[in-house]
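To be precise, the following lines are query.cif, and they hold mmCIF, C-alpha atoms.
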```
data_query
#
loop_
_atom_site.group_PDB
_atom_site.id
_atom_site.type_symbol
_atom_site.label_atom_id
_atom_site.label_comp_id
_atom_site.auth_asym_id
_atom_site.auth_seq_id
_atom_site.Cartn_x
_atom_site.Cartn_y
_atom_site.Cartn_z
ATOM 1 C CA MET C 1 0.000 0.000 0.000
ATOM 2 C CA LYS C 2 1.336 3.366 -0.830
ATOM 3 C CA LYS C 3 -0.627 6.641 -0.558
ATOM 4 C CA ILE C 4 -3.624 5.282 1.296
ATOM 5 C CA ILE C 5 -1.279 4.136 4.063
ATOM 6 C CA VAL C 6 0.029 7.665 4.477
ATOM 7 C CA PHE C 7 -3.501 9.060 4.258
ATOM 8 C CA TRP C 8 -4.905 7.027 7.169
ATOM 9 C CA VAL C 9 -1.734 7.395 9.259
ATOM 10 C CA VAL C 10 -2.174 11.171 9.290
ATOM 11 C CA LEU C 11 -5.918 11.154 9.707
ATOM 12 C CA PHE C 12 -6.435 8.420 12.301
ATOM 13 C CA GLY C 13 -2.952 7.691 13.672
ATOM 14 C CA VAL C 14 -2.944 4.222 12.140
ATOM 15 C CA VAL C 15 -1.571 2.662 8.972
ATOM 16 C CA ILE C 16 -3.873 1.393 6.257
ATOM 17 C CA SER C 17 -3.967 1.228 2.464
ATOM 18 C CA GLY C 18 -4.508 4.559 0.781
ATOM 19 C CA CYS C 19 -6.651 6.056 -1.678
ATOM 20 C CA GLY C 20 -7.280 9.615 -0.642
ATOM 21 C CA LYS C 21 -5.641 12.959 -0.149
ATOM 22 C CA THR C 22 -3.481 13.409 2.979
ATOM 23 C CA THR C 23 -2.875 16.419 5.233
ATOM 24 C CA GLY C 24 -1.118 16.834 8.554
ATOM 25 C CA GLU C 25 -3.840 18.886 10.204
ATOM 26 C CA SER C 26 -6.512 16.245 10.679
ATOM 27 C CA ALA C 27 -5.706 15.958 14.381
ATOM 28 C CA ASN C 28 -7.488 19.282 14.884
ATOM 29 C CA THR C 29 -10.540 18.302 12.890
ATOM 30 C CA SER C 30 -12.849 17.345 15.724
ATOM 31 C CA PRO C 31 -12.543 20.441 17.963
ATOM 32 C CA GLN C 32 -12.542 22.885 15.056
ATOM 33 C CA SER C 33 -15.551 21.378 13.395
ATOM 34 C CA SER C 34 -17.340 21.275 16.756
ATOM 35 C CA LYS C 35 -16.691 24.974 17.292
ATOM 36 C CA GLN C 36 -17.801 25.745 13.768
ATOM 37 C CA LYS C 37 -21.105 23.982 14.282
ATOM 38 C CA THR C 38 -21.549 25.833 17.601
ATOM 39 C CA LYS C 39 -21.048 29.174 15.872
ATOM 40 C CA ILE C 40 -23.581 28.323 13.199
ATOM 41 C CA THR C 41 -26.113 27.317 15.842
ATOM 42 C CA GLU C 42 -25.563 30.481 17.872
ATOM 43 C CA THR C 43 -25.890 32.675 14.796
ATOM 44 C CA THR C 44 -29.146 31.039 13.859
ATOM 45 C CA SER C 45 -30.457 31.439 17.379
ATOM 46 C CA GLN C 46 -29.491 35.110 17.573
ATOM 47 C CA SER C 47 -31.060 35.947 14.229
ATOM 48 C CA SER C 48 -34.306 34.313 15.295
ATOM 49 C CA LYS C 49 -34.351 36.385 18.493
ATOM 50 C CA GLN C 50 -33.861 39.614 16.538
ATOM 51 C CA ASN C 51 -36.893 38.870 14.393
ATOM 52 C CA THR C 52 -39.381 40.284 16.903
ATOM 53 C CA LYS C 53 -42.045 41.540 14.527
ATOM 54 C CA PRO C 54 -45.478 40.139 15.441
ATOM 55 C CA ALA C 55 -45.856 38.429 12.131
ATOM 56 C CA VAL C 56 -47.563 35.121 11.629
ATOM 57 C CA LYS C 57 -45.018 32.317 11.771
ATOM 58 C CA THR C 58 -44.579 30.376 8.558
ATOM 59 C CA SER C 59 -42.463 27.365 7.820
ATOM 60 C CA PRO C 60 -41.709 25.516 4.617
ATOM 61 C CA SER C 61 -43.733 22.413 3.997
ATOM 62 C CA LYS C 62 -42.135 18.994 4.201
ATOM 63 C CA SER C 63 -42.660 18.504 0.505
ATOM 64 C CA SER C 64 -40.697 21.642 -0.385
ATOM 65 C CA ILE C 65 -37.835 20.590 1.875
ATOM 66 C CA SER C 66 -37.591 17.136 0.354
ATOM 67 C CA SER C 67 -37.572 18.567 -3.169
ATOM 68 C CA ASP C 68 -34.795 21.075 -2.397
ATOM 69 C CA ILE C 69 -32.655 18.732 -0.268
ATOM 70 C CA PRO C 70 -32.820 15.137 -1.507
ATOM 71 C CA GLN C 71 -32.629 12.472 1.150
ATOM 72 C CA ALA C 72 -29.556 10.241 1.295
ATOM 73 C CA SER C 73 -31.210 6.928 0.541
ATOM 74 C CA ASP C 74 -28.057 5.186 -0.734
ATOM 75 C CA ASN C 75 -27.233 1.936 1.051
ATOM 76 C CA ILE C 76 -23.519 1.557 1.756
ATOM 77 C CA SER C 77 -23.759 -1.479 4.042
ATOM 78 C CA GLY C 78 -21.513 -4.396 3.155
ATOM 79 C CA VAL C 79 -18.009 -4.908 1.824
ATOM 80 C CA TRP C 80 -16.524 -2.571 -0.774
ATOM 81 C CA LEU C 81 -13.241 -2.559 -2.656
ATOM 82 C CA ALA C 82 -11.949 1.030 -2.662
ATOM 83 C CA THR C 83 -9.431 1.882 -5.392
ATOM 84 C CA GLY C 84 -7.836 5.240 -6.152
ATOM 85 C CA LYS C 85 -8.437 6.134 -9.798
ATOM 86 C CA GLN C 86 -5.027 7.828 -10.026
ATOM 87 C CA ASP C 87 -2.691 5.644 -7.967
ATOM 88 C CA GLY C 88 -4.559 2.327 -8.340
ATOM 89 C CA VAL C 89 -4.038 1.452 -4.665
ATOM 90 C CA SER C 90 -6.842 -0.693 -3.202
ATOM 91 C CA SER C 91 -8.220 -1.439 0.249
ATOM 92 C CA THR C 92 -11.252 -3.257 1.636
ATOM 93 C CA TRP C 93 -13.966 -1.329 3.532
ATOM 94 C CA TYR C 94 -16.677 -3.088 5.534
ATOM 95 C CA PHE C 95 -19.639 -0.883 6.564
ATOM 96 C CA ASN C 96 -21.879 -2.590 9.116
ATOM 97 C CA ASN C 97 -24.506 -0.794 11.235
ATOM 98 C CA GLY C 98 -22.384 2.237 12.102
ATOM 99 C CA GLN C 99 -19.110 0.315 12.394
ATOM 100 C CA LEU C 100 -16.416 0.542 9.706
ATOM 101 C CA THR C 101 -13.497 -1.862 9.328
ATOM 102 C CA VAL C 102 -10.738 -1.045 6.834
ATOM 103 C CA ASN C 103 -8.516 -3.913 5.648
ATOM 104 C CA ASN C 104 -9.929 -5.880 8.584
ATOM 105 C CA VAL C 105 -7.461 -4.173 10.914
ATOM 106 C CA TYR C 106 -8.562 -0.604 11.547
ATOM 107 C CA HIS C 107 -11.905 0.066 13.218
ATOM 108 C CA PHE C 108 -13.997 3.241 13.181
ATOM 109 C CA SER C 109 -17.568 4.358 13.653
ATOM 110 C CA TYR C 110 -19.573 6.183 11.007
ATOM 111 C CA THR C 111 -22.815 8.093 10.555
ATOM 112 C CA ILE C 112 -24.658 8.965 7.356
ATOM 113 C CA ALA C 113 -26.279 12.373 7.009
ATOM 114 C CA LYS C 114 -30.049 12.195 6.477
ATOM 115 C CA ASN C 115 -29.915 14.475 3.424
ATOM 116 C CA LYS C 116 -27.458 14.784 0.580
ATOM 117 C CA ASP C 117 -25.360 17.926 0.446
ATOM 118 C CA SER C 118 -25.828 20.719 -2.088
ATOM 119 C CA HIS C 119 -23.533 18.912 -4.541
ATOM 120 C CA GLY C 120 -25.561 15.702 -4.442
ATOM 121 C CA TYR C 121 -23.123 13.748 -2.251
ATOM 122 C CA THR C 122 -24.113 11.280 0.421
ATOM 123 C CA VAL C 123 -22.098 12.446 3.439
ATOM 124 C CA VAL C 124 -20.469 9.777 5.627
ATOM 125 C CA THR C 125 -18.755 11.095 8.759
ATOM 126 C CA ILE C 126 -16.084 8.689 10.010
ATOM 127 C CA THR C 127 -14.772 8.879 13.586
ATOM 128 C CA ASN C 128 -11.826 7.082 15.163
ATOM 129 C CA LYS C 129 -11.455 6.014 18.785
ATOM 130 C CA GLU C 130 -9.971 9.397 19.720
ATOM 131 C CA GLY C 131 -13.013 11.205 18.357
ATOM 132 C CA LYS C 132 -11.227 12.675 15.336
ATOM 133 C CA ARG C 133 -13.551 13.059 12.398
ATOM 134 C CA HIS C 134 -13.311 12.935 8.634
ATOM 135 C CA ALA C 135 -15.848 13.052 5.801
ATOM 136 C CA LEU C 136 -16.283 10.589 2.962
ATOM 137 C CA LEU C 137 -18.442 12.007 0.162
ATOM 138 C CA LEU C 138 -20.102 9.402 -2.029
ATOM 139 C CA LYS C 139 -21.990 9.724 -5.299
ATOM 140 C CA ARG C 140 -23.572 6.893 -7.263
ATOM 141 C CA ASN C 141 -21.884 5.813 -10.486
ATOM 142 C CA GLY C 142 -24.006 2.967 -11.783
ATOM 143 C CA SER C 143 -23.819 0.162 -9.237
ATOM 144 C CA ASN C 144 -20.635 1.630 -7.735
ATOM 145 C CA PHE C 145 -19.776 4.805 -5.828
ATOM 146 C CA ASP C 146 -17.295 7.539 -6.618
ATOM 147 C CA GLY C 147 -15.921 8.967 -3.389
ATOM 148 C CA ARG C 148 -13.886 11.901 -2.170
ATOM 149 C CA THR C 149 -12.206 12.238 1.201
ATOM 150 C CA VAL C 150 -12.399 15.513 3.143
ATOM 151 C CA GLU C 151 -10.097 16.077 6.113
ATOM 152 C CA GLY C 152 -8.123 18.667 8.057
ATOM 153 C CA GLU C 153 -8.737 22.265 6.996
ATOM 154 C CA ASP C 154 -10.738 21.013 4.027
ATOM 155 C CA PHE C 155 -13.102 19.285 6.466
ATOM 156 C CA VAL C 156 -13.555 22.499 8.470
ATOM 157 C CA LYS C 157 -14.187 24.467 5.283
ATOM 158 C CA TYR C 158 -16.642 21.868 4.045
ATOM 159 C CA LEU C 159 -18.627 22.091 7.292
ATOM 160 C CA ALA C 160 -18.629 25.892 7.087
ATOM 161 C CA VAL C 161 -19.474 26.596 3.459
ATOM 162 C CA GLY C 162 -19.861 23.214 1.753
ATOM 163 C CA THR C 163 -16.746 23.465 -0.433
ATOM 164 C CA VAL C 164 -15.744 20.093 -1.885
ATOM 165 C CA PRO C 165 -11.959 19.839 -2.368
ATOM 166 C CA SER C 166 -10.438 18.580 -5.567
ATOM 167 C CA GLY C 167 -8.245 15.516 -5.439
ATOM 168 C CA GLN C 168 -8.170 11.845 -6.227
ATOM 169 C CA ILE C 169 -11.490 10.098 -6.797
ATOM 170 C CA ILE C 170 -11.877 6.734 -5.079
ATOM 171 C CA GLU C 171 -13.988 4.084 -6.776
ATOM 172 C CA PHE C 172 -15.995 1.879 -4.409
ATOM 173 C CA ILE C 173 -17.018 -1.468 -5.939
ATOM 174 C CA TYR C 174 -19.387 -3.730 -4.048
ATOM 175 C CA GLN C 175 -17.853 -7.141 -3.365
ATOM 176 C CA GLN C 176 -20.663 -9.656 -3.798
ATOM 177 C CA LYS C 177 -18.393 -12.670 -3.363
ATOM 178 C CA GLN C 178 -16.975 -11.406 -0.104
ATOM 179 C CA GLU C 179 -20.430 -10.451 1.159
ATOM 180 C CA LYS C 180 -21.514 -14.016 0.422
ATOM 181 C CA VAL C 181 -18.598 -15.378 2.404
ATOM 182 C CA VAL C 182 -19.341 -13.050 5.314
ATOM 183 C CA SER C 183 -22.970 -14.209 5.313
ATOM 184 C CA GLN C 184 -21.660 -17.747 5.795
ATOM 185 C CA ASN C 185 -20.104 -16.702 9.108
ATOM 186 C CA VAL C 186 -16.558 -16.405 7.784
ATOM 187 C CA SER C 187 -15.110 -13.282 9.344
ATOM 188 C CA LEU C 188 -12.916 -10.690 7.706
ATOM 189 C CA GLU C 189 -10.335 -11.512 10.388
ATOM 190 C CA GLU C 190 -10.089 -15.085 9.092
ATOM 191 C CA MET C 191 -9.618 -13.936 5.505
ATOM 192 C CA GLU C 192 -6.943 -11.402 6.423
ATOM 193 C CA HIS C 193 -5.193 -13.994 8.591
ATOM 194 C CA LEU C 194 -5.045 -16.404 5.645
ATOM 195 C CA LYS C 195 -3.589 -13.703 3.404
ATOM 196 C CA LYS C 196 -0.960 -12.813 6.004
ATOM 197 C CA THR C 197 -0.084 -16.473 6.585
ATOM 198 C CA LEU C 198 0.422 -17.196 2.888
ATOM 199 C CA ARG C 199 2.368 -13.975 2.387
ATOM 200 C CA THR C 200 4.779 -14.875 5.195
ATOM 201 C CA TYR C 201 5.202 -18.394 3.870
ATOM 202 C CA ILE C 202 5.787 -17.354 0.250
ATOM 203 C CA PHE C 203 8.196 -14.453 0.792
ATOM 204 C CA ASP C 204 9.909 -15.229 4.094
ATOM 205 C CA THR C 205 9.914 -19.012 4.266
ATOM 206 C CA TYR C 206 9.777 -20.577 0.825
ATOM 207 C CA MET C 207 11.292 -18.104 -1.643
ATOM 208 C CA GLN C 208 14.093 -17.262 0.798
ATOM 209 C CA GLY C 209 14.630 -20.856 1.871
ATOM 210 C CA PRO C 210 16.887 -23.690 0.684
ATOM 211 C CA ASP C 211 13.985 -25.641 -0.845
ATOM 212 C CA TYR C 212 13.061 -22.899 -3.308
ATOM 213 C CA VAL C 213 12.851 -24.083 -6.922
ATOM 214 C CA TYR C 214 11.669 -21.680 -9.614
ATOM 215 C CA ALA C 215 10.125 -24.453 -11.707
ATOM 216 C CA LYS C 216 7.681 -25.366 -8.908
ATOM 217 C CA GLY C 217 5.774 -22.206 -9.751
ATOM 218 C CA ILE C 218 5.716 -20.278 -6.480
ATOM 219 C CA ASN C 219 7.348 -17.087 -7.716
ATOM 220 C CA TRP C 220 5.758 -13.821 -6.672
ATOM 221 C CA SER C 221 6.211 -10.089 -6.874
ATOM 222 C CA GLU C 222 5.268 -8.500 -3.545
ATOM 223 C CA ASN C 223 3.454 -5.798 -5.528
ATOM 224 C CA PHE C 224 1.235 -8.366 -7.215
ATOM 225 C CA PHE C 225 0.517 -10.332 -4.032
ATOM 226 C CA ASP C 226 -0.378 -7.228 -2.018
ATOM 227 C CA ASN C 227 -2.684 -6.129 -4.828
ATOM 228 C CA LEU C 228 -4.903 -9.154 -4.161
ATOM 229 C CA THR C 229 -7.708 -8.647 -1.665
ATOM 230 C CA ALA C 230 -8.147 -11.039 1.244
ATOM 231 C CA ASN C 231 -11.442 -12.329 -0.133
ATOM 232 C CA GLU C 232 -9.858 -13.072 -3.538
ATOM 233 C CA ILE C 233 -7.218 -15.213 -1.871
ATOM 234 C CA TRP C 234 -9.819 -16.832 0.385
ATOM 235 C CA ASN C 235 -11.996 -17.805 -2.584
ATOM 236 C CA VAL C 236 -9.056 -19.390 -4.425
ATOM 237 C CA ILE C 237 -8.039 -21.445 -1.391
ATOM 238 C CA GLU C 238 -11.653 -22.507 -0.795
ATOM 239 C CA GLU C 239 -11.688 -23.737 -4.393
ATOM 240 C CA PHE C 240 -8.444 -25.620 -3.724
ATOM 241 C CA LYS C 241 -9.906 -27.343 -0.638
ATOM 242 C CA LYS C 242 -12.963 -28.481 -2.588
ATOM 243 C CA LYS C 243 -10.725 -30.049 -5.214
ATOM 244 C CA ASN C 244 -8.617 -31.563 -2.424
ATOM 245 C CA ASN C 245 -11.583 -33.480 -0.946
ATOM 246 C CA GLY C 246 -12.152 -30.822 1.698
ATOM 247 C CA LYS C 247 -8.634 -31.070 3.090
ATOM 248 C CA GLU C 248 -6.611 -27.960 3.990
ATOM 249 C CA GLY C 249 -3.427 -29.264 2.407
ATOM 250 C CA THR C 250 -0.005 -27.844 3.202
ATOM 251 C CA LEU C 251 1.004 -24.217 2.908
ATOM 252 C CA PHE C 252 3.182 -25.201 -0.028
ATOM 253 C CA GLU C 253 0.165 -26.751 -1.797
ATOM 254 C CA GLN C 254 -2.009 -23.724 -1.075
ATOM 255 C CA ALA C 255 0.681 -21.303 -2.279
ATOM 256 C CA GLN C 256 1.246 -23.342 -5.417
ATOM 257 C CA TYR C 257 -2.484 -23.454 -6.214
ATOM 258 C CA LEU C 258 -2.799 -19.710 -5.588
ATOM 259 C CA SER C 259 0.142 -19.045 -7.909
ATOM 260 C CA ARG C 260 -1.596 -20.900 -10.724
ATOM 261 C CA ASN C 261 -5.132 -19.659 -10.094
ATOM 262 C CA ALA C 262 -4.930 -16.156 -8.641
ATOM 263 C CA PRO C 263 -7.122 -13.644 -10.494
ATOM 264 C CA ILE C 264 -5.427 -11.482 -13.111
ATOM 265 C CA LYS C 265 -6.004 -7.906 -11.991
ATOM 266 C CA ASP C 266 -6.779 -5.051 -14.372
ATOM 267 C CA ASN C 267 -3.761 -3.039 -13.191
ATOM 268 C CA TRP C 268 -1.171 -5.782 -13.822
ATOM 269 C CA LYS C 269 0.632 -3.631 -16.407
ATOM 270 C CA GLU C 270 1.097 -0.683 -14.021
ATOM 271 C CA LEU C 271 2.383 -3.006 -11.312
ATOM 272 C CA PHE C 272 4.803 -4.646 -13.749
ATOM 273 C CA PHE C 273 6.216 -1.306 -14.924
ATOM 274 C CA GLU C 274 6.718 -0.296 -11.293
ATOM 275 C CA ASP C 275 8.603 -3.514 -10.560
ATOM 276 C CA TRP C 276 10.644 -3.208 -13.768
ATOM 277 C CA ASN C 277 11.683 0.364 -12.991
ATOM 278 C CA ASN C 278 12.849 -0.733 -9.545
ATOM 279 C CA SER C 279 14.876 -3.662 -10.887
ATOM 280 C CA ASN C 280 18.306 -4.058 -12.461
ATOM 281 C CA TYR C 281 16.577 -3.961 -15.855
ATOM 282 C CA ARG C 282 15.425 -0.351 -15.487
ATOM 283 C CA GLU C 283 18.053 0.973 -17.909
ATOM 284 C CA ASP C 284 16.715 -1.345 -20.620
ATOM 285 C CA GLU C 285 13.629 0.446 -21.921
ATOM 286 C CA ILE C 286 10.597 -1.694 -22.709
ATOM 287 C CA GLU C 287 9.750 -1.477 -26.383
ATOM 288 C CA LYS C 288 6.837 -3.883 -26.792
ATOM 289 C CA LEU C 289 4.567 -6.195 -24.780
ATOM 290 C CA ILE C 290 2.804 -9.109 -26.476
ATOM 291 C CA ASP C 291 -0.075 -10.538 -24.466
ATOM 292 C CA LYS C 292 -0.165 -14.346 -24.471
ATOM 293 C CA GLY C 293 -3.091 -14.797 -22.080
ATOM 294 C CA ASP C 294 -1.707 -15.687 -18.658
ATOM 295 C CA THR C 295 1.758 -14.503 -19.699
ATOM 296 C CA VAL C 296 3.281 -11.561 -21.550
ATOM 297 C CA TRP C 297 6.333 -11.468 -23.796
ATOM 298 C CA VAL C 298 8.572 -8.504 -23.011
ATOM 299 C CA TYR C 299 10.770 -6.875 -25.674
ATOM 300 C CA THR C 300 13.239 -4.099 -24.934
ATOM 301 C CA ASP C 301 15.854 -1.925 -26.608
ATOM 302 C CA SER C 302 18.439 -4.668 -26.136
ATOM 303 C CA VAL C 303 16.132 -7.410 -27.451
ATOM 304 C CA PRO C 304 13.719 -5.644 -29.851
ATOM 305 C CA TYR C 305 10.690 -7.185 -31.483
ATOM 306 C CA THR C 306 11.260 -8.081 -35.137
ATOM 307 C CA GLY C 307 8.357 -10.410 -35.867
ATOM 308 C CA GLU C 308 10.656 -13.157 -37.050
ATOM 309 C CA LYS C 309 10.038 -16.803 -36.156
ATOM 310 C CA ASP C 310 12.790 -17.134 -33.582
ATOM 311 C CA ASN C 311 12.369 -13.640 -32.146
ATOM 312 C CA TYR C 312 11.971 -14.694 -28.519
ATOM 313 C CA PRO C 313 11.433 -12.105 -25.761
ATOM 314 C CA ILE C 314 14.018 -10.998 -23.240
ATOM 315 C CA GLU C 315 11.594 -11.859 -20.428
ATOM 316 C CA THR C 316 8.240 -13.605 -19.995
ATOM 317 C CA LEU C 317 5.912 -12.132 -17.381
ATOM 318 C CA ASP C 318 3.340 -14.087 -15.382
ATOM 319 C CA LYS C 319 0.302 -11.799 -15.113
ATOM 320 C CA ARG C 320 -1.002 -13.590 -12.013
ATOM 321 C CA THR C 321 2.097 -13.458 -9.828
ATOM 322 C CA GLY C 322 4.140 -10.669 -11.409
ATOM 323 C CA SER C 323 7.244 -12.845 -11.707
ATOM 324 C CA TRP C 324 9.282 -12.868 -14.886
ATOM 325 C CA HIS C 325 12.083 -14.972 -16.323
ATOM 326 C CA GLY C 326 14.282 -15.030 -19.415
#
```

Would you mind writing the file out in structure tokens?
Amino acid sequence: MKKIIVFWVVLFGVVISGCGKTTGESANTSPQSSKQKTKITETTSQSSKQNTKPAVKTSPSKSSISSDIPQASDNISGVWLATGKQDGVSSTWYFNNGQLTVNNVYHFSYTIAKNKDSHGYTVVTITNKEGKRHALLLKRNGSNFDGRTVEGEDFVKYLAVGTVPSGQIIEFIYQQKQEKVVSQNVSLEEMEHLKKTLRTYIFDTYMQGPDYVYAKGINWSENFFDNLTANEIWNVIEEFKKKNNGKEGTLFEQAQYLSRNAPIKDNWKELFFEDWNNSNYREDEIEKLIDKGDTVWVYTDSVPYTGEKDNYPIETLDKRTGSWHG
């Protein structure tokens, strides 16, 4: 996780995957916003006291209010995959009756405003254990949501005058498969524990150990593994256990099955370029990629694509695991 980690560290004092904009002033959000609301209330009260003319009191009808300020009827309950549209970093958000869990590690409470704001956003106020607050603004985009985070001084300004800051848009995609798993009494904690266990085994035990053999197929880029959600890994391993007569199997068997059956993510190319630019190959500029389904042939300046019969690539990339070999 990159930016989202920084984002939640500053806002809540914890580390999680990031999608949003980050500022260092979010620690002052709660008291400032509280004072702001107090000022607004006092101003309203004072103005009503000054209006002492003996006129007949009138109030807008409920129908006129509902037409001017639409109610926030959007349902955000359940598990959502949140992905920054600019940085591509993903995290898992579980909204459940006022309790929010992010990446199954970080816990917050949330409330949803009764009405949408003047820009048509459903306003979700998120609060951590220290009482620090932050706004998540959501707007329907088909079956998904587009979201914006509002924190620090931007949060205070939003409360005061309703200004929505510019910045990265976060796409929230409902995770039906994970919701189905949750409904079967499998907790998010169990799924995250499985992901952590396999990650430790693959990178710390097997690939660094004396028994590592490339040909056995357990070859991973950390970027590609971390890009998988816990429920994606859970579903693959559940599939493995069904094919293994209900048996758990060994960690080696689970890791091997995951390596061969992990979902190919839409952002595999961006992750590959990031890994390539951080490798010893970075000086060799990529000239052409030829998609072969589960794998990709990589051609560079040093080994260019010619189209000839024996024009083999310099490297072959596995789109599931992010590993490559010559």

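You can rank C:Glu239, C:Glu192, C:Glu315, C:Asp211 by their closest distance to Leu289 of chain C using only C-alpha atoms, and at the top of that list sits C:Glu315.
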
Measuring atom to atom with all atoms listed in the file, identify which of C:Tyr201, C:Ile126, C:Glu270, C:Asp301 is nearest to Glu253 of chain C.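 Between C:Tyr201, C:Ile126, C:Glu270, C:Asp301, the residue approaching Glu253 of chain C most closely is C:Tyr201.
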
For atom CA of His107 of chain C and atom CA of Tyr94 of chain C, determine how far apart the two atoms are, in Å to one decimal place. 9.6 Å

Could you tell me which residues the PyMOL selection byres ((chain C and resi 82) around 9) returns for this structure, as a list in words?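 With the PyMOL selection byres ((chain C and resi 82) around 9) on this model, the match is Gly18, Cys19, Trp80, Leu81, Thr83, Gly84, Val89, Ser90, Ser91, Thr92, Trp93, Gly147, Ile170, Glu171, Phe172, Ile173 and Tyr174 of chain C.
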
Selected residues, C-alpha atoms, written as a PDB file, in the frame of the given file, please.
```pdb
ATOM      1  CA  GLY C  18      -4.508   4.559   0.781  1.00  0.00           C
ATOM      2  CA  CYS C  19      -6.651   6.056  -1.678  1.00  0.00           C
ATOM      3  CA  TRP C  80     -16.524  -2.571  -0.774  1.00  0.00           C
ATOM      4  CA  LEU C  81     -13.241  -2.559  -2.656  1.00  0.00           C
ATOM      5  CA  THR C  83      -9.431   1.882  -5.392  1.00  0.00           C
ATOM      6  CA  GLY C  84      -7.836   5.240  -6.152  1.00  0.00           C
ATOM      7  CA  VAL C  89      -4.038   1.452  -4.665  1.00  0.00           C
ATOM      8  CA  SER C  90      -6.842  -0.693  -3.202  1.00  0.00           C
ATOM      9  CA  SER C  91      -8.220  -1.439   0.249  1.00  0.00           C
ATOM     10  CA  THR C  92     -11.252  -3.257   1.636  1.00  0.00           C
ATOM     11  CA  TRP C  93     -13.966  -1.329   3.532  1.00  0.00           C
ATOM     12  CA  GLY C 147     -15.921   8.967  -3.389  1.00  0.00           C
ATOM     13  CA  ILE C 170     -11.877   6.734  -5.079  1.00  0.00           C
ATOM     14  CA  GLU C 171     -13.988   4.084  -6.776  1.00  0.00           C
ATOM     15  CA  PHE C 172     -15.995   1.879  -4.409  1.00  0.00           C
ATOM     16  CA  ILE C 173     -17.018  -1.468  -5.939  1.00  0.00           C
ATOM     17  CA  TYR C 174     -19.387  -3.730  -4.048  1.00  0.00           C
TER      18      TYR C 174
END
```

Interatomic distance (Å, one decimal) between atom CA of Ser166 of chain C and atom CA of Leu136 of chain C: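 Rounded to one decimal, the two atoms are 13.1 Å apart.
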
Taking the file as I've supplied it (selection: the PyMOL selection byres ((chain C and resi 128) around 8)), which residues are included? Please answer as number ranges by chain. C: 12, 107-109, 126-127, 129-133

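Within the file as shown, the PyMOL selection byres ((chain C and resi 123) around 6) identifies C:Ile112, C:Ala113, C:Tyr121, C:Thr122, C:Val124, C:Leu137.
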
Ranking C:Thr229, C:Ser279, C:Asn219, C:Ser143 by minimum distance to Ile202 of chain C and counting only C-alpha atoms, which one comes first?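 Nearest candidate to Ile202 of chain C out of C:Thr229, C:Ser279, C:Asn219, C:Ser143: C:Asn219.
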
Could you tell me how far atom CA of Glu308 of chain C sits from atom CA of Asp275 of chain C, in Å to one decimal place? 28.3 Å

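Minimum distance to Gly152 of chain C across C:Asp87, C:Ile264, C:His134, C:Pro165 (counting all atoms listed in the file) occurs at C:His134.
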
Give the answer as one residue: which of C:Phe252, C:Tyr305, C:Tyr214, C:Tyr257 has the shortest atom-to-atom distance to Ile233 of chain C, using all atoms listed in the file?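 Checking each of C:Phe252, C:Tyr305, C:Tyr214, C:Tyr257 against Ile233 of chain C, counting all atoms listed in the file, the winner is C:Tyr257.
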
What are the closest atom pairs, with distances in Å to one decimal, for each residue of segment 185-301 of chain C lying within 10 Å of segment 318-322 of chain C, using all atoms listed in the file, rows by chain and rising residue number, as a tab-separated table?
```
residue	atom	partner	partner_atom	distance
C:Gly217	CA	C:Thr321	CA	9.5
C:Ile218	CA	C:Thr321	CA	8.4
C:Asn219	CA	C:Thr321	CA	6.7
C:Trp220	CA	C:Thr321	CA	4.8
C:Ser221	CA	C:Gly322	CA	5.0
C:Glu222	CA	C:Gly322	CA	8.2
C:Asn223	CA	C:Gly322	CA	7.7
C:Phe224	CA	C:Gly322	CA	5.6
C:Phe225	CA	C:Thr321	CA	6.8
C:Leu228	CA	C:Arg320	CA	9.8
C:Leu258	CA	C:Thr321	CA	9.0
C:Ser259	CA	C:Thr321	CA	6.2
C:Arg260	CA	C:Arg320	CA	7.4
C:Asn261	CA	C:Arg320	CA	7.6
C:Ala262	CA	C:Arg320	CA	5.8
C:Pro263	CA	C:Arg320	CA	6.3
C:Ile264	CA	C:Arg320	CA	5.0
C:Lys265	CA	C:Arg320	CA	7.6
C:Asp266	CA	C:Lys319	CA	9.8
C:Asn267	CA	C:Lys319	CA	9.8
C:Trp268	CA	C:Lys319	CA	6.3
C:Lys269	CA	C:Lys319	CA	8.3
C:Leu271	CA	C:Gly322	CA	7.9
C:Phe272	CA	C:Gly322	CA	6.5
C:Asp275	CA	C:Gly322	CA	8.5
C:Asp291	CA	C:Lys319	CA	9.4
C:Lys292	CA	C:Lys319	CA	9.7
C:Gly293	CA	C:Lys319	CA	8.3
C:Asp294	CA	C:Lys319	CA	5.6
C:Thr295	CA	C:Asp318	CA	4.6
C:Val296	CA	C:Asp318	CA	6.7
C:Trp297	CA	C:Asp318	CA	9.3
```

Centre and edges of the segment 259-271 of chain C box, axis-aligned, 8 Å extra per side, as JSON:
```
{"center_x": -2.4, "center_y": -10.8, "center_z": -12.2, "size_x": 25.5, "size_y": 36.2, "size_z": 24.5}
```

Looking at all atoms listed in the file, which of C:Glu248, C:Asp74, C:Glu238, C:Glu232 is the one that sits closest to Gln175 of chain C? C:Glu232
